[in-house]
Structure formats: structure tokens, C-alpha cells
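Following: one structure in C-alpha cells, then a few remarks.
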Amino acid sequence: MIVICFAILLAVFGYFIAPDNSPYANRIIPAIANQQAGFEIELLRVKKDSVVECNIGLFERMLNGKDDAYLLVPVVAHQLVGDSIFAQKFIDDNITENINYALKKLAADPVIKQKFYLGTDKFGRDILSRLIIGTRVSLSVGLIAVIISLTIGIFLGAIAGYYKGKTDDVVMWLINVIWSIPTLLLVFAVTLLLGKGFWQVFIAVGLTMWVNVARLVRGQILAVRELEYVEAARALGFSDTRIIVRHILPNILGPVMVIAASNFASAIVIEAGLSFLGVGVQPPQPSWGLMIKENYNFIVTNNPMLALEPGIAIILLVLAFNLVGNGLRDALNVKGKL
């Protein structure tokens, strides 16, 4: 729960926490590409030719970040001479270029020092910032996918288990058909049908995860539909909808919550896989799977952490949701405690 709550805080307030608070943490500085964790350099802030809107609202900044008002030029040394700054622009290791700018073309505080705690990717973007902003993609796809899967799964499972007969046969036939198709292949089909993108991933993953929920709900309702409190509700003349919604479903939500936590973890892994294969979240929007795709070739070089860092983030978040699911199962297993 601590890991999950921390991830939620990062997702909500990511643009206030990340060192790079530009939209999608997409500040590109090619000269400092593929740097190791802990890399530190001075950045000269040069005013942009175009006017950048600086007075944006707090809510808009929380959602989309804030455009950079300056171009950042990496320098290894600088000197103020009169009304100009002379500096050595960083090109590569041990390679520099002499540059100079008039002070009026620079920020009031022209030189800042920045440390890239997790290094930079092949475009010179801050890995830590993209990891933080990418958290909201993983949590969002998990949340939306779970909501979609619970909505469809509970509805179909409830009517199949309560009415039985032909209704049960039709729903089980549909479940068995969907169950027979490999999950990733089904996600590919839905994604290709809806197109690539952020929202399409939510729908694609959600539409493929309802089967587990439907089977579980159907089994639970078959077990309780003949119990005394359901018979009493029927005897009192309550409608089937009221019996299912107000009397049966609240008594079977324990196992549903457990499978929802499991589906949340599965959705994060599936989204990462889709983004890695190029049919999920599209650049420049950060996604942990997309970050692995962009940097996996560095695993065999001297900088493997560029690909391992988002992989470790996926492992931690998925493990956290699986452990929460196990904890819910133990807490809600009342009969096992007797």
C-alpha cells in the first residue's frame, strides 16, 4: 500500500516533483544523450524566439506541465565579460565549442546546474522525470481497465449465475470463446481496430480482462442464490434487479476486490508490453514500456540502467498490487479464520 500510495502521489503531482516539468517530460538536449546516472552539468538558459505562455493555471500545469521559456545549452565553463557571457558548449566527452551570448538574450539567472539522478536517454531527456510522468500512464490504464472489466464482468456474470438456463449457456459460450483467444493477441486485434494511442490502450486492455471477473461472479452467485436471505427477498416480492444489486453483490465483493487487484497488475504489464511493441502509448508521451523499447539496446553496452530502470519500476508496482491482492484475500477469507 505504501508503494501504491507513493505511485499515486507521483502520478497526480508528477509535474511539480519531476526535475523536467515540460509537457511529457520531453525536454530534449541531444548533446547530453546516454549519460550515466548521477551526471551533472551546467545549463545556459537562452531566451526562445517565440513567446511562451508562463501564466498558466495550477490545474492545467498539474495535468500537462509547463512549456520551457528557455533553450538549455550545456556548458562546461562560462565567464561574464561586459554585457556578454562567453562559454564552452558541451558537445561530447572532452569536446567543446566556444560560444557567446549577450546578457539580454539570457535569463535573469543565466546559468543553472542540474543533476540527472538516473541519467539521460538517447535524446538527452531526463530518465527520472519520464519515469515519474510515466507513472500516471500505468496507473491510469490499470484503473480504467479494471473499471471496464468489472462493469462488463459483473453484469454478465450476475445475469448468468442468477438466471441460469439459456442465459447462462449464452454467456458461458461467449466467455469460452474469449477465453480461448490469447490475451495479447486479442489486445492486438482490439488495438488495431481502434487505432494506436493513449485512450485506445485503456479500452483494449479493459475489453480483454472481463472474462475472469465474469467467471468468478457467476460462480459466486450460483453458490449464494439459493441461500435463505435470497429466498426471503424473493418471498417479499423484491425485483430481480434489487435482489442482485442490493443483496447478492455486496456479499460477494470480497473475491471481486481480490481479482480486481490482480487485474490491475496484469493491465500494467499488458500496457508495458503493448508500448514496447509500438502499438500502445505513442511518443513523446512517456510510458515505462516505451522507455524500455527506446533504450533496450543499451543493455549490452556500458549503460544498461537506461532500460533496467523502467523495468524495475514495473516490477515494483506490479508486485505491490499482487501483494495487496493477497492481503485482501487473507483479510476477507473469514471462513479460513474460523
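Labels used: A, B, ... for chains in the order of the C-alpha cells, numbers from 1 for residues in each chain, and numbers from 1 for ligands as shown.
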
message = as a list in words, please: the residues near stretch 269-286 of chain A (cut-off 7 Å, only C-alpha atoms, same-chain neighbours under 3 positions excluded).
response = Tyr24, Asn26, Arg130, Ile133, Gly134, Lys196, Gly197, Phe198, Val201, Ala265, Ser266, Gly289, Leu290, Met291, Ile292 and Lys293 of chain A

C-alpha atoms of the current selection, written as an mmCIF file, in the first residue's frame:
data_model
loop_
_atom_site.group_PDB
_atom_site.id
_atom_site.type_symbol
_atom_site.label_atom_id
_atom_site.label_comp_id
_atom_site.auth_asym_id
_atom_site.auth_seq_id
_atom_site.Cartn_x
_atom_site.Cartn_y
_atom_site.Cartn_z
ATOM 1 C CA TYR A 24 5.516 14.792 -21.237
ATOM 2 C CA ASN A 26 10.163 15.855 -23.268
ATOM 3 C CA ARG A 130 9.996 10.482 -17.600
ATOM 4 C CA ILE A 133 5.341 11.207 -15.523
ATOM 5 C CA GLY A 134 5.050 7.659 -16.904
ATOM 6 C CA LYS A 196 -2.834 3.388 -31.618
ATOM 7 C CA GLY A 197 -2.931 5.837 -28.750
ATOM 8 C CA PHE A 198 -3.397 6.614 -25.083
ATOM 9 C CA VAL A 201 -4.938 1.166 -24.793
ATOM 10 C CA ALA A 265 -1.287 -5.603 -12.041
ATOM 11 C CA SER A 266 -1.972 -7.513 -15.259
ATOM 12 C CA GLY A 289 7.235 0.009 -21.736
ATOM 13 C CA LEU A 290 8.085 2.626 -24.357
ATOM 14 C CA MET A 291 11.146 3.689 -22.337
ATOM 15 C CA ILE A 292 12.385 0.091 -22.339
ATOM 16 C CA LYS A 293 11.868 -0.087 -26.106
#

Close residues, A:Asp49 itself excluded, 12 Å, only C-alpha atoms, min 4 positions apart in chain, as a ChimeraX atom specification = /A:69-71,105-106

How would you write, as a PDB file with C-alpha atoms, in the first residue's frame, the set of residues in stretch 132-315 of chain A that DSSP gives as helix (DSSP H, G or I)?
ATOM      1  CA  ILE A 132       7.669   9.972 -12.762  1.00  0.00           C
ATOM      2  CA  ILE A 133       5.341  11.207 -15.523  1.00  0.00           C
ATOM      3  CA  GLY A 134       5.050   7.659 -16.904  1.00  0.00           C
ATOM      4  CA  THR A 135       3.573   6.550 -13.589  1.00  0.00           C
ATOM      5  CA  ARG A 136       0.242   8.163 -14.468  1.00  0.00           C
ATOM      6  CA  VAL A 137       0.037   6.106 -17.685  1.00  0.00           C
ATOM      7  CA  SER A 138       0.491   2.816 -15.810  1.00  0.00           C
ATOM      8  CA  LEU A 139      -1.950   3.726 -13.040  1.00  0.00           C
ATOM      9  CA  SER A 140      -4.494   5.189 -15.464  1.00  0.00           C
ATOM     10  CA  VAL A 141      -4.530   2.173 -17.750  1.00  0.00           C
ATOM     11  CA  GLY A 142      -4.857  -0.108 -14.718  1.00  0.00           C
ATOM     12  CA  LEU A 143      -7.727   1.918 -13.248  1.00  0.00           C
ATOM     13  CA  ILE A 144      -9.712   2.317 -16.475  1.00  0.00           C
ATOM     14  CA  ALA A 145      -9.122  -1.300 -17.489  1.00  0.00           C
ATOM     15  CA  VAL A 146     -10.308  -2.545 -14.097  1.00  0.00           C
ATOM     16  CA  ILE A 147     -13.435  -0.330 -14.231  1.00  0.00           C
ATOM     17  CA  ILE A 148     -14.295  -1.597 -17.723  1.00  0.00           C
ATOM     18  CA  SER A 149     -13.599  -5.229 -16.824  1.00  0.00           C
ATOM     19  CA  LEU A 150     -15.626  -5.012 -13.581  1.00  0.00           C
ATOM     20  CA  THR A 151     -18.571  -3.342 -15.324  1.00  0.00           C
ATOM     21  CA  ILE A 152     -18.806  -5.947 -18.084  1.00  0.00           C
ATOM     22  CA  GLY A 153     -17.753  -8.917 -15.946  1.00  0.00           C
ATOM     23  CA  ILE A 154     -20.111  -8.257 -13.033  1.00  0.00           C
ATOM     24  CA  PHE A 155     -23.078  -7.620 -15.363  1.00  0.00           C
ATOM     25  CA  LEU A 156     -22.615 -10.750 -17.488  1.00  0.00           C
ATOM     26  CA  GLY A 157     -21.583 -12.942 -14.558  1.00  0.00           C
ATOM     27  CA  ALA A 158     -24.549 -11.786 -12.469  1.00  0.00           C
ATOM     28  CA  ILE A 159     -27.208 -12.492 -15.088  1.00  0.00           C
ATOM     29  CA  ALA A 160     -25.589 -15.835 -15.990  1.00  0.00           C
ATOM     30  CA  GLY A 161     -25.413 -17.019 -12.387  1.00  0.00           C
ATOM     31  CA  TYR A 162     -28.802 -15.715 -11.292  1.00  0.00           C
ATOM     32  CA  TYR A 163     -30.983 -16.725 -14.251  1.00  0.00           C
ATOM     33  CA  GLY A 165     -30.608 -21.848 -18.156  1.00  0.00           C
ATOM     34  CA  LYS A 166     -30.227 -20.424 -21.664  1.00  0.00           C
ATOM     35  CA  THR A 167     -28.902 -17.115 -20.375  1.00  0.00           C
ATOM     36  CA  ASP A 168     -26.088 -18.950 -18.612  1.00  0.00           C
ATOM     37  CA  ASP A 169     -25.384 -21.023 -21.736  1.00  0.00           C
ATOM     38  CA  VAL A 170     -25.061 -17.942 -23.969  1.00  0.00           C
ATOM     39  CA  VAL A 171     -22.825 -16.050 -21.513  1.00  0.00           C
ATOM     40  CA  MET A 172     -20.622 -19.097 -20.906  1.00  0.00           C
ATOM     41  CA  TRP A 173     -20.301 -19.654 -24.647  1.00  0.00           C
ATOM     42  CA  LEU A 174     -19.111 -16.046 -25.048  1.00  0.00           C
ATOM     43  CA  ILE A 175     -16.727 -16.430 -22.096  1.00  0.00           C
ATOM     44  CA  ASN A 176     -15.261 -19.650 -23.527  1.00  0.00           C
ATOM     45  CA  VAL A 177     -14.754 -18.046 -26.944  1.00  0.00           C
ATOM     46  CA  ILE A 178     -12.926 -15.029 -25.470  1.00  0.00           C
ATOM     47  CA  TRP A 179     -11.037 -17.326 -23.073  1.00  0.00           C
ATOM     48  CA  SER A 180      -9.704 -19.409 -25.975  1.00  0.00           C
ATOM     49  CA  THR A 183      -4.845 -12.238 -24.274  1.00  0.00           C
ATOM     50  CA  LEU A 184      -2.042 -10.420 -26.073  1.00  0.00           C
ATOM     51  CA  LEU A 185      -3.385 -11.457 -29.479  1.00  0.00           C
ATOM     52  CA  LEU A 186      -6.853 -10.205 -28.547  1.00  0.00           C
ATOM     53  CA  VAL A 187      -5.397  -6.919 -27.327  1.00  0.00           C
ATOM     54  CA  PHE A 188      -3.553  -6.558 -30.644  1.00  0.00           C
ATOM     55  CA  ALA A 189      -6.798  -7.078 -32.551  1.00  0.00           C
ATOM     56  CA  VAL A 190      -8.709  -4.518 -30.472  1.00  0.00           C
ATOM     57  CA  THR A 191      -5.814  -2.027 -30.658  1.00  0.00           C
ATOM     58  CA  LEU A 192      -5.527  -2.338 -34.424  1.00  0.00           C
ATOM     59  CA  LEU A 193      -9.297  -1.887 -34.709  1.00  0.00           C
ATOM     60  CA  LEU A 194      -9.392   1.219 -32.505  1.00  0.00           C
ATOM     61  CA  PHE A 198      -3.397   6.614 -25.083  1.00  0.00           C
ATOM     62  CA  TRP A 199      -7.160   6.050 -24.721  1.00  0.00           C
ATOM     63  CA  GLN A 200      -7.250   3.103 -27.103  1.00  0.00           C
ATOM     64  CA  VAL A 201      -4.938   1.166 -24.793  1.00  0.00           C
ATOM     65  CA  PHE A 202      -7.380   1.634 -21.901  1.00  0.00           C
ATOM     66  CA  ILE A 203     -10.288   0.247 -23.891  1.00  0.00           C
ATOM     67  CA  ALA A 204      -8.294  -2.582 -25.462  1.00  0.00           C
ATOM     68  CA  VAL A 205      -6.955  -3.854 -22.150  1.00  0.00           C
ATOM     69  CA  GLY A 206     -10.301  -3.446 -20.361  1.00  0.00           C
ATOM     70  CA  LEU A 207     -12.240  -5.331 -23.035  1.00  0.00           C
ATOM     71  CA  TRP A 210     -13.615  -9.041 -18.054  1.00  0.00           C
ATOM     72  CA  VAL A 211     -13.634 -12.821 -18.581  1.00  0.00           C
ATOM     73  CA  ASN A 212     -12.011 -13.640 -15.230  1.00  0.00           C
ATOM     74  CA  VAL A 213     -14.421 -11.336 -13.437  1.00  0.00           C
ATOM     75  CA  ALA A 214     -17.476 -12.814 -15.162  1.00  0.00           C
ATOM     76  CA  ARG A 215     -16.484 -16.400 -14.338  1.00  0.00           C
ATOM     77  CA  LEU A 216     -15.820 -15.529 -10.705  1.00  0.00           C
ATOM     78  CA  VAL A 217     -19.091 -13.566 -10.258  1.00  0.00           C
ATOM     79  CA  ARG A 218     -21.108 -16.319 -11.939  1.00  0.00           C
ATOM     80  CA  GLY A 219     -19.644 -18.958  -9.628  1.00  0.00           C
ATOM     81  CA  GLN A 220     -20.201 -16.857  -6.518  1.00  0.00           C
ATOM     82  CA  ILE A 221     -23.837 -16.091  -7.417  1.00  0.00           C
ATOM     83  CA  LEU A 222     -24.549 -19.751  -8.201  1.00  0.00           C
ATOM     84  CA  ALA A 223     -23.326 -20.546  -4.680  1.00  0.00           C
ATOM     85  CA  VAL A 224     -25.472 -17.950  -2.868  1.00  0.00           C
ATOM     86  CA  GLU A 228     -32.119 -18.149   2.874  1.00  0.00           C
ATOM     87  CA  TYR A 229     -31.676 -14.380   2.586  1.00  0.00           C
ATOM     88  CA  VAL A 230     -32.161 -14.549  -1.211  1.00  0.00           C
ATOM     89  CA  GLU A 231     -35.256 -16.733  -0.781  1.00  0.00           C
ATOM     90  CA  ALA A 232     -36.559 -14.237   1.770  1.00  0.00           C
ATOM     91  CA  ALA A 233     -36.028 -11.373  -0.674  1.00  0.00           C
ATOM     92  CA  ARG A 234     -37.967 -13.251  -3.356  1.00  0.00           C
ATOM     93  CA  ALA A 235     -40.776 -14.005  -0.875  1.00  0.00           C
ATOM     94  CA  ASP A 240     -34.541  -9.457  -9.558  1.00  0.00           C
ATOM     95  CA  THR A 241     -32.503  -6.292 -10.098  1.00  0.00           C
ATOM     96  CA  ARG A 242     -32.857  -5.271  -6.450  1.00  0.00           C
ATOM     97  CA  ILE A 243     -32.010  -8.762  -5.230  1.00  0.00           C
ATOM     98  CA  ILE A 244     -28.865  -8.901  -7.344  1.00  0.00           C
ATOM     99  CA  VAL A 245     -27.670  -5.330  -6.742  1.00  0.00           C
ATOM    100  CA  ARG A 246     -28.599  -4.785  -3.088  1.00  0.00           C
ATOM    101  CA  HIS A 247     -28.468  -8.268  -1.594  1.00  0.00           C
ATOM    102  CA  ILE A 248     -26.229 -10.611  -3.601  1.00  0.00           C
ATOM    103  CA  LEU A 249     -23.438  -8.415  -4.995  1.00  0.00           C
ATOM    104  CA  PRO A 250     -22.469  -6.795  -1.645  1.00  0.00           C
ATOM    105  CA  ASN A 251     -21.962 -10.300  -0.235  1.00  0.00           C
ATOM    106  CA  LEU A 253     -17.496  -8.302  -3.355  1.00  0.00           C
ATOM    107  CA  GLY A 254     -14.597  -9.788  -1.369  1.00  0.00           C
ATOM    108  CA  PRO A 255     -13.355 -12.145  -4.114  1.00  0.00           C
ATOM    109  CA  VAL A 256     -14.163  -9.498  -6.746  1.00  0.00           C
ATOM    110  CA  MET A 257     -11.858  -6.998  -4.987  1.00  0.00           C
ATOM    111  CA  VAL A 258      -9.076  -9.586  -4.960  1.00  0.00           C
ATOM    112  CA  ILE A 259      -9.360 -10.253  -8.692  1.00  0.00           C
ATOM    113  CA  ALA A 260      -9.605  -6.504  -9.362  1.00  0.00           C
ATOM    114  CA  ALA A 261      -6.187  -6.013  -7.695  1.00  0.00           C
ATOM    115  CA  SER A 262      -4.791  -8.869  -9.786  1.00  0.00           C
ATOM    116  CA  ASN A 263      -6.273  -7.386 -12.969  1.00  0.00           C
ATOM    117  CA  PHE A 264      -4.752  -4.015 -12.091  1.00  0.00           C
ATOM    118  CA  ALA A 265      -1.287  -5.603 -12.041  1.00  0.00           C
ATOM    119  CA  SER A 266      -1.972  -7.513 -15.259  1.00  0.00           C
ATOM    120  CA  ALA A 267      -3.148  -4.338 -17.012  1.00  0.00           C
ATOM    121  CA  ILE A 268       0.128  -2.575 -16.140  1.00  0.00           C
ATOM    122  CA  VAL A 269       2.159  -5.443 -17.623  1.00  0.00           C
ATOM    123  CA  ILE A 270      -0.017  -5.645 -20.763  1.00  0.00           C
ATOM    124  CA  GLU A 271       0.212  -1.870 -21.322  1.00  0.00           C
ATOM    125  CA  ALA A 272       4.008  -2.020 -20.954  1.00  0.00           C
ATOM    126  CA  GLY A 273       4.129  -4.883 -23.459  1.00  0.00           C
ATOM    127  CA  LEU A 274       1.953  -3.028 -25.962  1.00  0.00           C
ATOM    128  CA  SER A 275       4.042   0.135 -25.665  1.00  0.00           C
ATOM    129  CA  PHE A 276       7.240  -1.908 -26.052  1.00  0.00           C
ATOM    130  CA  LEU A 277       5.860  -3.424 -29.270  1.00  0.00           C
ATOM    131  CA  TRP A 288       7.572   2.582 -18.950  1.00  0.00           C
ATOM    132  CA  GLY A 289       7.235   0.009 -21.736  1.00  0.00           C
ATOM    133  CA  LEU A 290       8.085   2.626 -24.357  1.00  0.00           C
ATOM    134  CA  MET A 291      11.146   3.689 -22.337  1.00  0.00           C
ATOM    135  CA  ILE A 292      12.385   0.091 -22.339  1.00  0.00           C
ATOM    136  CA  LYS A 293      11.868  -0.087 -26.106  1.00  0.00           C
ATOM    137  CA  GLU A 294      13.835   3.134 -26.669  1.00  0.00           C
ATOM    138  CA  ASN A 295      16.775   2.017 -24.512  1.00  0.00           C
ATOM    139  CA  TYR A 296      16.877  -1.800 -24.523  1.00  0.00           C
ATOM    140  CA  ASN A 297      19.851  -1.861 -26.916  1.00  0.00           C
ATOM    141  CA  PHE A 298      21.965  -0.257 -24.174  1.00  0.00           C
ATOM    142  CA  ILE A 299      21.645  -3.424 -22.037  1.00  0.00           C
ATOM    143  CA  VAL A 300      24.678  -4.901 -23.813  1.00  0.00           C
ATOM    144  CA  MET A 305      20.426   1.041 -16.427  1.00  0.00           C
ATOM    145  CA  LEU A 306      18.670   3.123 -19.101  1.00  0.00           C
ATOM    146  CA  ALA A 307      16.487   0.091 -19.845  1.00  0.00           C
ATOM    147  CA  LEU A 308      16.584  -1.541 -16.417  1.00  0.00           C
ATOM    148  CA  GLU A 309      15.223   1.482 -14.520  1.00  0.00           C
ATOM    149  CA  PRO A 310      11.716   1.446 -16.101  1.00  0.00           C
ATOM    150  CA  GLY A 311      11.756  -2.352 -15.837  1.00  0.00           C
ATOM    151  CA  ILE A 312      12.419  -2.150 -12.108  1.00  0.00           C
ATOM    152  CA  ALA A 313       9.576   0.388 -11.766  1.00  0.00           C
ATOM    153  CA  ILE A 314       7.173  -2.045 -13.473  1.00  0.00           C
ATOM    154  CA  ILE A 315       8.310  -4.884 -11.209  1.00  0.00           C
TER     155      ILE A 315
END

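When atom CA of A:Asp67 is paired with atom CA of A:Ser22, their separation reads 5.0 Å.
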
request  = Would you mind writing down, as an NGL selection string, each residue of stretch 56-301 of chain A that DSSP on the backbone assigns to strand (DSSP E or B)?
outcome  = :A and (70-81 or 84-92 or 95-102 or 106-116 or 120 or 126)

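Considering the residues A:Ala37, A:Val12, A:Val318, A:Val3 and counting only C-alpha atoms, A:Asp126 has its shortest atom-to-atom contact with A:Ala37.
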
task = Between A:Asn55, A:Thr120, A:Gln79, A:Thr96, single out the one closest to A:Ile32, counting only C-alpha atoms.
result = A:Thr120
